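Raw work08.cif, mmCIF, C-alpha atoms (C1' of nucleotides):
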```cif
data_final
#
loop_
_atom_site.label_atom_id
_atom_site.label_comp_id
_atom_site.auth_asym_id
_atom_site.auth_seq_id
_atom_site.Cartn_x
_atom_site.Cartn_y
_atom_site.Cartn_z
CA MET X 26 0.00 0.00 0.00
CA GLU X 27 1.27 3.45 -0.87
CA GLU X 28 1.68 6.30 1.51
CA ALA X 29 -0.83 9.04 0.70
CA LEU X 30 1.20 11.86 -0.78
CA PRO X 31 0.49 15.38 0.42
CA MET X 32 -1.82 16.99 -2.10
CA THR X 33 -0.78 20.34 -3.44
CA GLN X 34 -3.21 23.12 -4.14
CA ARG X 35 -2.75 22.59 -7.88
CA GLU X 36 -3.61 18.93 -7.63
CA ALA X 37 -6.74 19.69 -5.68
CA GLU X 38 -7.77 22.27 -8.25
CA LEU X 39 -7.17 19.85 -11.10
CA ILE X 40 -9.31 17.21 -9.43
CA GLU X 41 -12.09 19.72 -9.00
CA ARG X 42 -11.72 20.82 -12.59
CA LEU X 43 -12.01 17.27 -13.88
CA ARG X 44 -15.01 16.46 -11.76
CA HIS X 45 -16.65 19.62 -12.92
CA VAL X 46 -16.59 18.47 -16.54
CA GLY X 47 -17.69 14.98 -15.60
CA LEU X 48 -14.37 13.17 -15.80
CA ARG X 49 -13.24 10.86 -13.07
CA PRO X 50 -9.90 12.04 -11.66
CA THR X 51 -7.86 8.96 -12.37
CA ARG X 52 -4.13 8.64 -11.86
CA GLN X 53 -3.43 9.05 -15.60
CA ARG X 54 -5.74 11.98 -16.14
CA LEU X 55 -4.22 13.75 -13.14
CA ALA X 56 -0.69 13.12 -14.38
CA LEU X 57 -1.43 14.29 -17.93
CA GLY X 58 -3.46 17.22 -16.66
CA GLY X 59 -0.59 18.15 -14.40
CA LEU X 60 1.81 18.19 -17.33
CA LEU X 61 -0.57 20.14 -19.53
CA PHE X 62 -1.90 22.79 -17.19
CA GLN X 63 1.22 23.98 -15.46
CA GLY X 64 1.30 27.72 -15.80
CA ASP X 65 1.99 28.86 -19.34
CA ASP X 66 0.07 27.78 -22.42
CA ARG X 67 1.28 24.71 -24.22
CA HIS X 68 0.97 23.11 -27.63
CA VAL X 69 1.63 19.41 -27.54
CA THR X 70 1.17 16.42 -29.76
CA ALA X 71 0.04 13.08 -28.38
CA GLU X 72 3.51 11.64 -28.93
CA GLN X 73 5.17 14.50 -27.08
CA LEU X 74 2.90 14.28 -24.11
CA HIS X 75 3.34 10.55 -23.93
CA GLY X 76 7.10 11.05 -23.92
CA GLU X 77 6.88 13.62 -21.15
CA ALA X 78 4.71 11.35 -19.07
CA LEU X 79 7.15 8.47 -19.41
CA ALA X 80 10.05 10.78 -18.63
CA ALA X 81 8.21 11.88 -15.50
CA GLY X 82 7.86 8.26 -14.47
CA VAL X 83 4.15 7.99 -15.12
CA ARG X 84 3.03 4.68 -16.58
CA VAL X 85 0.58 5.48 -19.32
CA SER X 86 -0.11 4.04 -22.76
CA VAL X 87 -0.31 5.95 -26.02
CA ALA X 88 -3.94 4.93 -26.38
CA THR X 89 -4.74 6.53 -23.04
CA VAL X 90 -2.95 9.70 -24.01
CA TYR X 91 -5.13 9.93 -27.10
CA ASN X 92 -8.26 9.12 -25.11
CA THR X 93 -7.42 11.70 -22.50
CA LEU X 94 -6.56 14.43 -24.99
CA HIS X 95 -9.82 13.88 -26.83
CA GLN X 96 -11.83 13.76 -23.64
CA PHE X 97 -10.21 16.98 -22.45
CA THR X 98 -10.93 18.57 -25.82
CA GLU X 99 -14.53 17.38 -25.70
CA ALA X 100 -14.81 18.88 -22.23
CA GLY X 101 -13.46 22.22 -23.39
CA LEU X 102 -10.22 22.00 -21.46
CA LEU X 103 -8.18 21.81 -24.65
CA ARG X 104 -8.45 22.95 -28.21
CA GLU X 105 -7.34 20.87 -31.14
CA VAL X 106 -5.27 22.56 -33.83
CA VAL X 107 -4.51 20.88 -37.13
CA VAL X 108 -1.49 22.31 -38.88
CA GLU X 109 0.09 19.59 -40.91
CA ALA X 110 -1.31 16.50 -42.52
CA GLY X 111 -0.74 13.78 -40.01
CA ARG X 112 0.14 15.86 -37.00
CA CYS X 113 -2.26 17.40 -34.63
CA TYR X 114 -1.59 19.67 -31.70
CA PHE X 115 -3.55 20.25 -28.56
CA ASP X 116 -3.58 23.77 -27.21
CA THR X 117 -4.14 24.49 -23.53
CA ASN X 118 -5.36 27.95 -24.43
CA THR X 119 -9.03 27.52 -25.23
CA SER X 120 -9.85 31.18 -25.71
CA GLU X 121 -10.43 32.69 -29.15
CA HIS X 122 -7.04 33.28 -30.67
CA PHE X 123 -4.90 32.60 -33.71
CA HIS X 124 -1.62 30.86 -34.30
CA PHE X 125 1.78 31.32 -35.79
CA PHE X 126 3.20 28.12 -37.18
CA PHE X 127 6.96 27.93 -37.65
CA GLU X 128 7.38 25.61 -40.58
CA ASP X 129 11.11 25.24 -40.03
CA ASP X 130 10.78 23.56 -36.65
CA ALA X 131 7.10 22.58 -36.70
CA ARG X 132 6.36 24.73 -33.67
CA LEU X 133 3.08 26.45 -32.87
CA MET X 134 2.69 29.76 -31.02
CA ASP X 135 -0.33 31.64 -29.79
CA ILE X 136 -0.90 35.10 -31.15
CA HIS X 137 -2.06 37.61 -28.65
CA GLY X 138 -1.68 41.31 -28.20
CA THR X 139 -2.90 44.30 -30.06
CA ASN X 140 -1.84 43.05 -33.46
CA ALA X 141 -4.35 40.29 -33.43
CA ASP X 142 -7.13 42.33 -31.91
CA ALA X 143 -8.20 44.06 -35.07
CA LEU X 144 -8.45 40.72 -36.76
CA THR X 145 -10.42 39.24 -33.90
CA GLN X 146 -12.91 42.05 -34.13
CA VAL X 147 -13.49 41.51 -37.81
CA LEU X 148 -14.06 37.80 -37.60
CA PRO X 149 -17.27 37.34 -35.63
CA GLY X 150 -19.50 39.01 -38.17
CA LEU X 151 -18.27 37.40 -41.33
CA PRO X 152 -18.35 35.59 -43.58
CA VAL X 153 -21.92 34.55 -43.05
CA ALA X 154 -22.35 30.82 -42.71
CA PRO X 155 -24.48 29.16 -45.39
CA GLU X 156 -28.15 28.46 -44.70
CA GLY X 157 -28.74 25.93 -41.94
CA MET X 158 -25.12 25.81 -40.85
CA LEU X 159 -23.53 27.22 -37.77
CA VAL X 160 -19.97 28.19 -37.14
CA GLU X 161 -18.29 25.63 -34.95
CA ARG X 162 -14.92 27.32 -34.82
CA VAL X 163 -12.63 29.59 -36.80
CA ASP X 164 -9.02 28.63 -37.25
CA VAL X 165 -6.48 31.16 -38.38
CA ILE X 166 -2.97 29.91 -38.92
CA ILE X 167 -0.18 32.16 -40.11
CA ARG X 168 2.62 30.04 -41.51
CA LEU X 169 6.12 31.44 -41.07
CA ARG X 170 9.48 30.60 -42.50
CA ARG X 171 12.95 31.82 -41.63
CA ALA X 172 13.53 34.88 -43.79
CA MET I 1274 1.56 1.71 -81.67
CA GLU I 1275 -1.23 4.10 -80.77
CA GLU I 1276 -2.94 6.42 -83.15
CA ALA I 1277 -2.09 10.03 -82.29
CA LEU I 1278 -5.27 11.48 -80.82
CA PRO I 1279 -6.40 14.91 -81.94
CA MET I 1280 -5.26 17.38 -79.35
CA THR I 1281 -7.86 19.69 -77.91
CA GLN I 1282 -7.18 23.31 -77.10
CA ARG I 1283 -7.31 22.49 -73.39
CA GLU I 1284 -4.71 19.79 -73.72
CA ALA I 1285 -2.38 22.09 -75.57
CA GLU I 1286 -2.82 24.75 -72.92
CA LEU I 1287 -2.12 22.27 -70.15
CA ILE I 1288 1.08 21.14 -71.84
CA GLU I 1289 2.21 24.73 -72.13
CA ARG I 1290 1.30 25.36 -68.51
CA LEU I 1291 3.34 22.41 -67.31
CA ARG I 1292 6.34 23.30 -69.40
CA HIS I 1293 6.15 26.83 -68.12
CA VAL I 1294 6.66 25.67 -64.53
CA GLY I 1295 9.40 23.27 -65.56
CA LEU I 1296 7.46 20.00 -65.47
CA ARG I 1297 7.66 17.54 -68.31
CA PRO I 1298 4.20 16.92 -69.74
CA THR I 1299 4.00 13.19 -69.15
CA ARG I 1300 0.95 11.05 -69.75
CA GLN I 1301 0.12 10.90 -66.03
CA ARG I 1302 0.61 14.59 -65.34
CA LEU I 1303 -1.58 15.45 -68.32
CA ALA I 1304 -4.31 13.08 -67.19
CA LEU I 1305 -4.27 14.34 -63.59
CA GLY I 1306 -4.00 17.94 -64.71
CA GLY I 1307 -6.94 17.37 -67.01
CA LEU I 1308 -9.04 16.09 -64.13
CA LEU I 1309 -7.98 18.89 -61.83
CA PHE I 1310 -8.16 21.93 -64.05
CA GLN I 1311 -11.44 21.46 -65.82
CA GLY I 1312 -13.43 24.60 -65.33
CA ASP I 1313 -14.58 25.14 -61.77
CA ASP I 1314 -12.39 25.06 -58.68
CA ARG I 1315 -11.92 21.74 -57.00
CA HIS I 1316 -10.84 20.38 -53.63
CA VAL I 1317 -9.54 16.85 -53.86
CA THR I 1318 -7.63 14.40 -51.73
CA ALA I 1319 -4.98 12.16 -53.21
CA GLU I 1320 -7.24 9.13 -52.79
CA GLN I 1321 -10.11 10.83 -54.56
CA LEU I 1322 -8.03 11.92 -57.50
CA HIS I 1323 -6.51 8.48 -57.81
CA GLY I 1324 -10.02 7.02 -57.87
CA GLU I 1325 -11.11 9.44 -60.57
CA ALA I 1326 -8.10 8.66 -62.67
CA LEU I 1327 -8.74 4.93 -62.47
CA ALA I 1328 -12.40 5.47 -63.24
CA ALA I 1329 -11.35 7.46 -66.30
CA GLY I 1330 -9.23 4.55 -67.42
CA VAL I 1331 -5.87 6.18 -66.69
CA ARG I 1332 -3.24 3.85 -65.30
CA VAL I 1333 -1.52 5.67 -62.49
CA SER I 1334 -0.22 4.66 -59.07
CA VAL I 1335 -1.05 6.28 -55.76
CA ALA I 1336 2.58 7.24 -55.33
CA THR I 1337 2.52 9.12 -58.60
CA VAL I 1338 -0.65 10.93 -57.61
CA TYR I 1339 1.09 12.12 -54.45
CA ASN I 1340 4.21 13.07 -56.38
CA THR I 1341 2.19 14.97 -58.94
CA LEU I 1342 0.04 16.79 -56.40
CA HIS I 1343 3.13 17.91 -54.52
CA GLN I 1344 4.94 18.93 -57.68
CA PHE I 1345 1.91 20.93 -58.81
CA THR I 1346 1.72 22.54 -55.38
CA GLU I 1347 5.42 23.35 -55.45
CA ALA I 1348 4.93 24.89 -58.88
CA GLY I 1349 2.08 27.06 -57.64
CA LEU I 1350 -0.62 25.29 -59.65
CA LEU I 1351 -2.27 23.99 -56.49
CA ARG I 1352 -2.62 24.97 -52.89
CA GLU I 1353 -2.53 22.50 -50.06
CA VAL I 1354 -5.16 22.83 -47.34
CA VAL I 1355 -4.95 20.89 -44.10
CA VAL I 1356 -8.25 20.52 -42.32
CA GLU I 1357 -8.21 17.30 -40.40
CA ALA I 1358 -5.46 15.26 -38.89
CA GLY I 1359 -4.57 12.72 -41.49
CA ARG I 1360 -6.37 14.16 -44.46
CA CYS I 1361 -5.11 16.77 -46.79
CA TYR I 1362 -6.86 18.52 -49.62
CA PHE I 1363 -5.49 20.15 -52.71
CA ASP I 1364 -7.24 23.25 -53.95
CA THR I 1365 -7.12 24.30 -57.59
CA ASN I 1366 -7.82 27.86 -56.55
CA THR I 1367 -4.43 29.33 -55.70
CA SER I 1368 -5.57 32.87 -55.10
CA GLU I 1369 -5.82 34.34 -51.62
CA HIS I 1370 -9.03 33.08 -50.10
CA PHE I 1371 -10.52 31.31 -47.12
CA HIS I 1372 -12.48 28.12 -46.62
CA PHE I 1373 -15.62 26.77 -45.15
CA PHE I 1374 -15.24 23.23 -43.89
CA PHE I 1375 -18.37 21.16 -43.48
CA GLU I 1376 -17.54 18.83 -40.63
CA ASP I 1377 -20.57 16.66 -41.24
CA ASP I 1378 -19.47 15.50 -44.66
CA ALA I 1379 -15.80 16.50 -44.62
CA ARG I 1380 -16.27 18.84 -47.56
CA LEU I 1381 -14.32 22.00 -48.26
CA MET I 1382 -15.66 25.12 -49.97
CA ASP I 1383 -14.01 28.32 -51.11
CA ILE I 1384 -15.24 31.54 -49.63
CA HIS I 1385 -15.53 34.39 -52.02
CA GLY I 1386 -17.72 37.41 -52.29
CA THR I 1387 -18.11 40.55 -50.30
CA ASN I 1388 -18.32 38.84 -46.94
CA ALA I 1389 -14.78 37.69 -47.10
CA ASP I 1390 -13.41 40.87 -48.57
CA ALA I 1391 -13.29 42.85 -45.36
CA LEU I 1392 -11.37 40.04 -43.77
CA THR I 1393 -8.98 39.84 -46.67
CA GLN I 1394 -8.23 43.51 -46.36
CA VAL I 1395 -7.39 43.22 -42.71
CA LEU I 1396 -5.06 40.30 -43.05
CA PRO I 1397 -2.06 41.59 -44.98
CA GLY I 1398 -0.96 44.05 -42.32
CA LEU I 1399 -1.22 41.92 -39.23
CA PRO I 1400 -0.29 40.34 -37.02
CA VAL I 1401 3.32 41.28 -37.53
CA ALA I 1402 5.53 38.28 -38.00
CA PRO I 1403 8.24 37.83 -35.37
CA GLU I 1404 11.75 39.09 -36.06
CA GLY I 1405 13.50 37.31 -38.91
CA MET I 1406 10.41 35.44 -40.04
CA LEU I 1407 8.30 35.96 -43.07
CA VAL I 1408 4.72 35.02 -43.70
CA GLU I 1409 4.55 32.04 -46.00
CA ARG I 1410 0.79 31.81 -46.07
CA VAL I 1411 -2.33 32.54 -44.05
CA ASP I 1412 -4.94 29.86 -43.66
CA VAL I 1413 -8.42 30.71 -42.48
CA ILE I 1414 -10.79 27.82 -42.00
CA ILE I 1415 -14.33 28.32 -40.79
CA ARG I 1416 -15.67 25.03 -39.50
CA LEU I 1417 -19.39 24.48 -39.91
CA ARG I 1418 -21.86 22.02 -38.56
CA ARG I 1419 -25.48 21.35 -39.43
CA ALA I 1420 -27.53 23.62 -37.19
"C1'" DA J 963 -13.27 -0.57 5.76
"C1'" DC J 964 -14.97 -3.63 2.04
"C1'" DC J 965 -17.83 -4.69 -2.47
"C1'" DG J 966 -19.21 -4.29 -6.91
"C1'" DC J 967 -19.58 -2.33 -11.11
"C1'" DA J 968 -19.46 1.27 -14.62
"C1'" DG J 969 -16.12 3.58 -16.43
"C1'" DA J 970 -11.06 3.72 -17.45
"C1'" DT J 971 -6.77 1.75 -18.88
"C1'" DT J 972 -3.92 -1.32 -21.32
"C1'" DA J 973 -1.08 -3.73 -24.95
"C1'" DG J 974 -1.10 -4.89 -29.15
"C1'" DA J 975 -3.28 -5.38 -33.47
"C1'" DA J 976 -5.61 -2.89 -37.12
"C1'" DT J 977 -6.37 0.98 -40.11
"C1'" DA J 978 -5.28 5.00 -42.84
"C1'" DA J 979 -2.56 8.34 -45.05
"C1'" DT J 980 1.70 9.20 -46.77
"C1'" DT J 981 6.56 8.53 -48.06
"C1'" DG J 982 10.85 5.91 -49.43
"C1'" DC J 983 13.13 3.06 -52.62
"C1'" DA J 984 15.18 0.63 -56.33
"C1'" DA J 985 14.01 -1.06 -60.72
"C1'" DA J 986 11.78 -0.14 -65.10
"C1'" DC J 987 10.14 3.28 -68.31
"C1'" DT J 988 9.81 7.48 -71.31
"C1'" DG J 989 10.04 12.47 -73.13
"C1'" DC J 990 12.94 14.93 -75.70
"C1'" DG J 991 17.36 17.04 -77.24
"C1'" DG J 992 20.93 15.79 -80.14
"C1'" DC A 1335 16.46 6.79 -83.52
"C1'" DC A 1336 19.80 6.97 -79.11
"C1'" DG A 1337 20.64 7.86 -74.57
"C1'" DC A 1338 19.92 9.69 -70.31
"C1'" DA A 1339 17.85 12.53 -66.83
"C1'" DG A 1340 13.71 12.86 -65.12
"C1'" DT A 1341 9.43 9.89 -64.17
"C1'" DT A 1342 6.69 6.28 -62.80
"C1'" DT A 1343 5.73 2.08 -60.40
"C1'" DG A 1344 4.68 -1.48 -56.99
"C1'" DC A 1345 5.59 -2.48 -52.74
"C1'" DA A 1346 7.50 -2.04 -48.34
"C1'" DA A 1347 8.15 1.16 -44.53
"C1'" DT A 1348 6.71 4.91 -41.62
"C1'" DT A 1349 3.78 7.61 -38.96
"C1'" DA A 1350 -0.37 8.93 -36.67
"C1'" DT A 1351 -4.35 7.34 -34.90
"C1'" DT A 1352 -8.14 4.17 -33.65
"C1'" DC A 1353 -10.04 -0.34 -32.26
"C1'" DT A 1354 -10.56 -4.26 -29.29
"C1'" DA A 1355 -11.07 -7.28 -25.72
"C1'" DA A 1356 -9.20 -8.28 -21.34
"C1'" DT A 1357 -7.96 -6.23 -17.02
"C1'" DC A 1358 -8.09 -2.76 -13.58
"C1'" DT A 1359 -9.83 0.95 -10.49
"C1'" DG A 1360 -12.45 5.09 -8.44
"C1'" DC A 1361 -16.08 5.67 -5.72
"C1'" DG A 1362 -20.89 5.21 -4.06
"C1'" DG A 1363 -23.29 2.15 -1.23
"C1'" DT A 1364 -23.20 -0.83 2.82
#
```
What is this file in structure tokens?
Amino acid sequence: MEEALPMTQREAELIERLRHVGLRPTRQRLALGGLLFQGDDRHVTAEQLHGEALAAGVRVSVATVYNTLHQFTEAGLLREVVVEAGRCYFDTNTSEHFHFFFEDDARLMDIHGTNADALTQVLPGLPVAPEGMLVERVDVIIRLRRA
Amino acid sequence: MEEALPMTQREAELIERLRHVGLRPTRQRLALGGLLFQGDDRHVTAEQLHGEALAAGVRVSVATVYNTLHQFTEAGLLREVVVEAGRCYFDTNTSEHFHFFFEDDARLMDIHGTNADALTQVLPGLPVAPEGMLVERVDVIIRLRRA
DNA sequence: ACCGCAGATTAGAATAATTGCAAACTGCGG
DNA sequence: CCGCAGTTTGCAATTATTCTAATCTGCGGT
């Protein structure tokens, strides 16, 4: 039997957060959540996160990482961003924002600040969705290359 | 030996177009080009195009379809659009424009018309690319779902 | 504390899209 | 009509993701 580890504030918050969206706070979900939601915004692939988990000594399968990422996305804790065929990123920043994508090193970066604001303001109104359709999400990706 | 078929105007134009971008007008490239550049704008996946080619009685391998699509893209005859993890579309409309994506039937549609214009006008200036980087391309995808 | 079970996790196989490769083929300039 | 660089091909290899069926586990009820 394991000694009950002291629970940090962050852990307690994470548990509450999971419960709130109807997900049972299992060992794996807590571990992955802990890696994902530590401070600054992150953009990870399933592979990456799996690697980090293993490196941190957490036993977890790739399948579970995928399950968890999708469940988190479903629950609104993550946002999925597709940039390249056959690679998909999960973004811990779920607010309305756009992305820079650095093609040279396949890295994704949030765009925030005044530059993006004008763009944000223009988007909501247009273009009008076709009859009977509603806008699920708007993705704006600005692809960059070393000059 | 085959009888030389009469060459239509469109075929001749396609040959010229390929030569102009430095691609040898081979049987396969002509067939695929013919399917792609017939009138209205198209959004096809490699699989789809391969299917169409076979249906049209053109012998061509999947590998060649991929090669050709990428060469055409490289040459500026096509534009690649990534919408879903593990599926990538090629758009015969290479001008600056945005896309609707119908999540229900995985279909892509160009956005043109006045609605998109305001957005187009806002894009060029911002957001400013980070130091030493230049904007390769801006992708705007508006994801739709049946209401 | 202990039980039981619905929900979660797992390894490994299966699927899907795409790319790599080495051998065979073919426009096209000479 | 020759020759070769550029193309194409089938197939194997890779990569990302999903499926599956057996096993495990959080947690409410006792």
For this session: Enumerate as a PyMOL selection string the residues belonging to chain I that approach chain A to within 9 Å, with only C-alpha atoms (C1' of nucleotides) taken into account.
Result: chain I and resi 1297+1299+1301+1333-1334+1336-1337+1358-1359
Please produce a file of those selected residues containing C-alpha atoms, as a compact mmCIF listing (two decimals), in the coordinates of the input.
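Output below, filename out.txt:
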```txt
# COMPACT_ATOMS: atom_id res chain seq x y z
CA ARG I 1297 7.66 17.54 -68.31
CA THR I 1299 4.00 13.19 -69.15
CA GLN I 1301 0.12 10.90 -66.03
CA VAL I 1333 -1.52 5.67 -62.49
CA SER I 1334 -0.22 4.66 -59.07
CA ALA I 1336 2.58 7.24 -55.33
CA THR I 1337 2.52 9.12 -58.60
CA ALA I 1358 -5.46 15.26 -38.89
CA GLY I 1359 -4.57 12.72 -41.49
```
After a least-squares superposition on chain I over all sequentially paired C-alpha atoms, what is chain X as a compact mmCIF listing (two decimals) with C-alpha atoms, in the coordinates of the input?
```
# COMPACT_ATOMS: atom_id res chain seq x y z
CA MET X 26 1.64 1.89 -81.94
CA GLU X 27 -1.19 4.20 -80.98
CA GLU X 28 -2.99 6.54 -83.27
CA ALA X 29 -2.20 10.14 -82.34
CA LEU X 30 -5.38 11.50 -80.80
CA PRO X 31 -6.54 14.93 -81.88
CA MET X 32 -5.35 17.40 -79.28
CA THR X 33 -7.94 19.72 -77.85
CA GLN X 34 -7.24 23.32 -77.02
CA ARG X 35 -7.36 22.50 -73.31
CA GLU X 36 -4.77 19.78 -73.66
CA ALA X 37 -2.45 22.08 -75.54
CA GLU X 38 -2.86 24.74 -72.87
CA LEU X 39 -2.15 22.25 -70.11
CA ILE X 40 1.03 21.11 -71.83
CA GLU X 41 2.16 24.69 -72.14
CA ARG X 42 1.29 25.33 -68.52
CA LEU X 43 3.34 22.37 -67.34
CA ARG X 44 6.33 23.25 -69.44
CA HIS X 45 6.16 26.77 -68.16
CA VAL X 46 6.70 25.62 -64.58
CA GLY X 47 9.40 23.19 -65.61
CA LEU X 48 7.45 19.95 -65.52
CA ARG X 49 7.63 17.48 -68.33
CA PRO X 50 4.15 16.87 -69.76
CA THR X 51 3.94 13.16 -69.17
CA ARG X 52 0.88 11.02 -69.75
CA GLN X 53 0.08 10.89 -66.01
CA ARG X 54 0.60 14.56 -65.34
CA LEU X 55 -1.61 15.43 -68.31
CA ALA X 56 -4.34 13.06 -67.14
CA LEU X 57 -4.28 14.32 -63.55
CA GLY X 58 -4.01 17.92 -64.69
CA GLY X 59 -6.96 17.35 -66.97
CA LEU X 60 -9.05 16.07 -64.07
CA LEU X 61 -7.97 18.88 -61.78
CA PHE X 62 -8.17 21.92 -64.01
CA GLN X 63 -11.46 21.43 -65.75
CA GLY X 64 -13.42 24.61 -65.30
CA ASP X 65 -14.58 25.12 -61.73
CA ASP X 66 -12.37 25.05 -58.66
CA ARG X 67 -11.86 21.73 -56.98
CA HIS X 68 -10.78 20.38 -53.61
CA VAL X 69 -9.48 16.86 -53.83
CA THR X 70 -7.57 14.44 -51.70
CA ALA X 71 -4.91 12.17 -53.16
CA GLU X 72 -7.18 9.16 -52.71
CA GLN X 73 -10.06 10.86 -54.50
CA LEU X 74 -8.00 11.91 -57.44
CA HIS X 75 -6.50 8.48 -57.74
CA GLY X 76 -10.00 7.02 -57.79
CA GLU X 77 -11.11 9.44 -60.48
CA ALA X 78 -8.10 8.65 -62.59
CA LEU X 79 -8.75 4.92 -62.38
CA ALA X 80 -12.42 5.48 -63.13
CA ALA X 81 -11.40 7.47 -66.20
CA GLY X 82 -9.27 4.55 -67.34
CA VAL X 83 -5.93 6.17 -66.64
CA ARG X 84 -3.29 3.83 -65.27
CA VAL X 85 -1.57 5.66 -62.47
CA SER X 86 -0.24 4.64 -59.06
CA VAL X 87 -1.02 6.28 -55.74
CA ALA X 88 2.63 7.22 -55.36
CA THR X 89 2.50 9.12 -58.63
CA VAL X 90 -0.64 10.92 -57.59
CA TYR X 91 1.14 12.11 -54.46
CA ASN X 92 4.24 13.05 -56.43
CA THR X 93 2.21 14.95 -58.97
CA LEU X 94 0.10 16.78 -56.41
CA HIS X 95 3.19 17.89 -54.54
CA GLN X 96 4.98 18.91 -57.70
CA PHE X 97 1.95 20.91 -58.81
CA THR X 98 1.78 22.53 -55.38
CA GLU X 99 5.49 23.32 -55.49
CA ALA X 100 4.97 24.88 -58.90
CA GLY X 101 2.12 27.04 -57.66
CA LEU X 102 -0.57 25.28 -59.64
CA LEU X 103 -2.23 23.98 -56.49
CA ARG X 104 -2.56 24.98 -52.90
CA GLU X 105 -2.46 22.52 -50.05
CA VAL X 106 -5.09 22.84 -47.34
CA VAL X 107 -4.89 20.89 -44.11
CA VAL X 108 -8.22 20.54 -42.36
CA GLU X 109 -8.20 17.33 -40.44
CA ALA X 110 -5.43 15.31 -38.91
CA GLY X 111 -4.56 12.77 -41.51
CA ARG X 112 -6.38 14.22 -44.46
CA CYS X 113 -5.09 16.84 -46.75
CA TYR X 114 -6.82 18.57 -49.61
CA PHE X 115 -5.43 20.16 -52.70
CA ASP X 116 -7.18 23.26 -53.94
CA THR X 117 -7.07 24.29 -57.59
CA ASN X 118 -7.76 27.86 -56.56
CA THR X 119 -4.37 29.32 -55.72
CA SER X 120 -5.51 32.87 -55.11
CA GLU X 121 -5.76 34.35 -51.62
CA HIS X 122 -8.98 33.09 -50.13
CA PHE X 123 -10.48 31.32 -47.15
CA HIS X 124 -12.43 28.15 -46.66
CA PHE X 125 -15.59 26.78 -45.21
CA PHE X 126 -15.20 23.25 -43.94
CA PHE X 127 -18.35 21.18 -43.54
CA GLU X 128 -17.54 18.86 -40.69
CA ASP X 129 -20.57 16.68 -41.31
CA ASP X 130 -19.45 15.51 -44.73
CA ALA X 131 -15.78 16.52 -44.66
CA ARG X 132 -16.23 18.86 -47.61
CA LEU X 133 -14.27 22.02 -48.30
CA MET X 134 -15.61 25.14 -50.04
CA ASP X 135 -13.95 28.33 -51.17
CA ILE X 136 -15.20 31.55 -49.69
CA HIS X 137 -15.47 34.39 -52.09
CA GLY X 138 -17.67 37.41 -52.43
CA THR X 139 -18.12 40.54 -50.46
CA ASN X 140 -18.39 38.81 -47.12
CA ALA X 141 -14.83 37.69 -47.20
CA ASP X 142 -13.46 40.90 -48.61
CA ALA X 143 -13.40 42.83 -45.38
CA LEU X 144 -11.50 40.01 -43.79
CA THR X 145 -9.06 39.83 -46.67
CA GLN X 146 -8.33 43.50 -46.31
CA VAL X 147 -7.54 43.20 -42.64
CA LEU X 148 -5.18 40.29 -42.96
CA PRO X 149 -2.18 41.58 -44.89
CA GLY X 150 -1.09 44.06 -42.27
CA LEU X 151 -1.33 41.94 -39.18
CA PRO X 152 -0.34 40.34 -36.99
CA VAL X 153 3.26 41.26 -37.50
CA ALA X 154 5.51 38.27 -37.95
CA PRO X 155 8.20 37.82 -35.29
CA GLU X 156 11.72 39.09 -35.94
CA GLY X 157 13.50 37.30 -38.77
CA MET X 158 10.43 35.41 -39.92
CA LEU X 159 8.33 35.93 -42.98
CA VAL X 160 4.77 34.99 -43.63
CA GLU X 161 4.60 32.01 -45.93
CA ARG X 162 0.84 31.78 -46.05
CA VAL X 163 -2.28 32.51 -44.04
CA ASP X 164 -4.91 29.85 -43.67
CA VAL X 165 -8.37 30.71 -42.50
CA ILE X 166 -10.77 27.85 -42.06
CA ILE X 167 -14.31 28.34 -40.84
CA ARG X 168 -15.66 25.05 -39.55
CA LEU X 169 -19.39 24.51 -40.00
CA ARG X 170 -21.86 22.04 -38.65
CA ARG X 171 -25.48 21.37 -39.53
CA ALA X 172 -27.51 23.65 -37.28
```
For this session: Please evaluate the PyMOL selection byres ((chain I and resi 1332) around 10) against the displayed coordinates and give the resulting residues as a ChimeraX atom specification.
Result: /I:1300-1301,1304,1323,1326-1331,1333-1334
Create the file for the chosen residues now, containing C-alpha atoms and written as a compact mmCIF listing (two decimals), keeping the file's coordinate frame.
```txt
# COMPACT_ATOMS: atom_id res chain seq x y z
CA ARG I 1300 0.95 11.05 -69.75
CA GLN I 1301 0.12 10.90 -66.03
CA ALA I 1304 -4.31 13.08 -67.19
CA HIS I 1323 -6.51 8.48 -57.81
CA ALA I 1326 -8.10 8.66 -62.67
CA LEU I 1327 -8.74 4.93 -62.47
CA ALA I 1328 -12.40 5.47 -63.24
CA ALA I 1329 -11.35 7.46 -66.30
CA GLY I 1330 -9.23 4.55 -67.42
CA VAL I 1331 -5.87 6.18 -66.69
CA VAL I 1333 -1.52 5.67 -62.49
CA SER I 1334 -0.22 4.66 -59.07
```
For this session: Using only C-alpha atoms (C1' of nucleotides), pick whichever of X:Gly47, X:Val107, X:Ala131, X:Glu72 has the shortest atom-to-atom distance to chain J.
Result: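 Looking only at the distances to chain J, the closest residue turns out to be X:Gly47.
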For this session: On this file, the PyMOL selection byres ((chain J) within 8 of (chain X)) gives some set of residues; write that set as a PyMOL selection string.
Result: chain J and resi 970-972+979
For this session: Mind giving me the straight-line distance from atom CA of Asp66 of chain X to atom CA of Thr93 of chain X in Å, one decimal?
Result: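 It comes out at 17.7 Å.
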Exercise. Which distance in Å separates atom CA of Ala71 of chain X and atom CA of Ala100 of chain X, to one decimal?
Worked result: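 Atom CA of Ala100 of chain X lies at a distance of 17.1 Å from atom CA of Ala71 of chain X.
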Problem set entry | Arg1283 of chain I surroundings by only C-alpha atoms (C1' of nucleotides), 12 Å radius, close-in-sequence under 2 positions cut, as an NGL selection string | :I and (1279-1281 or 1285-1290 or 1303-1304 or 1306-1308 or 1310-1312)
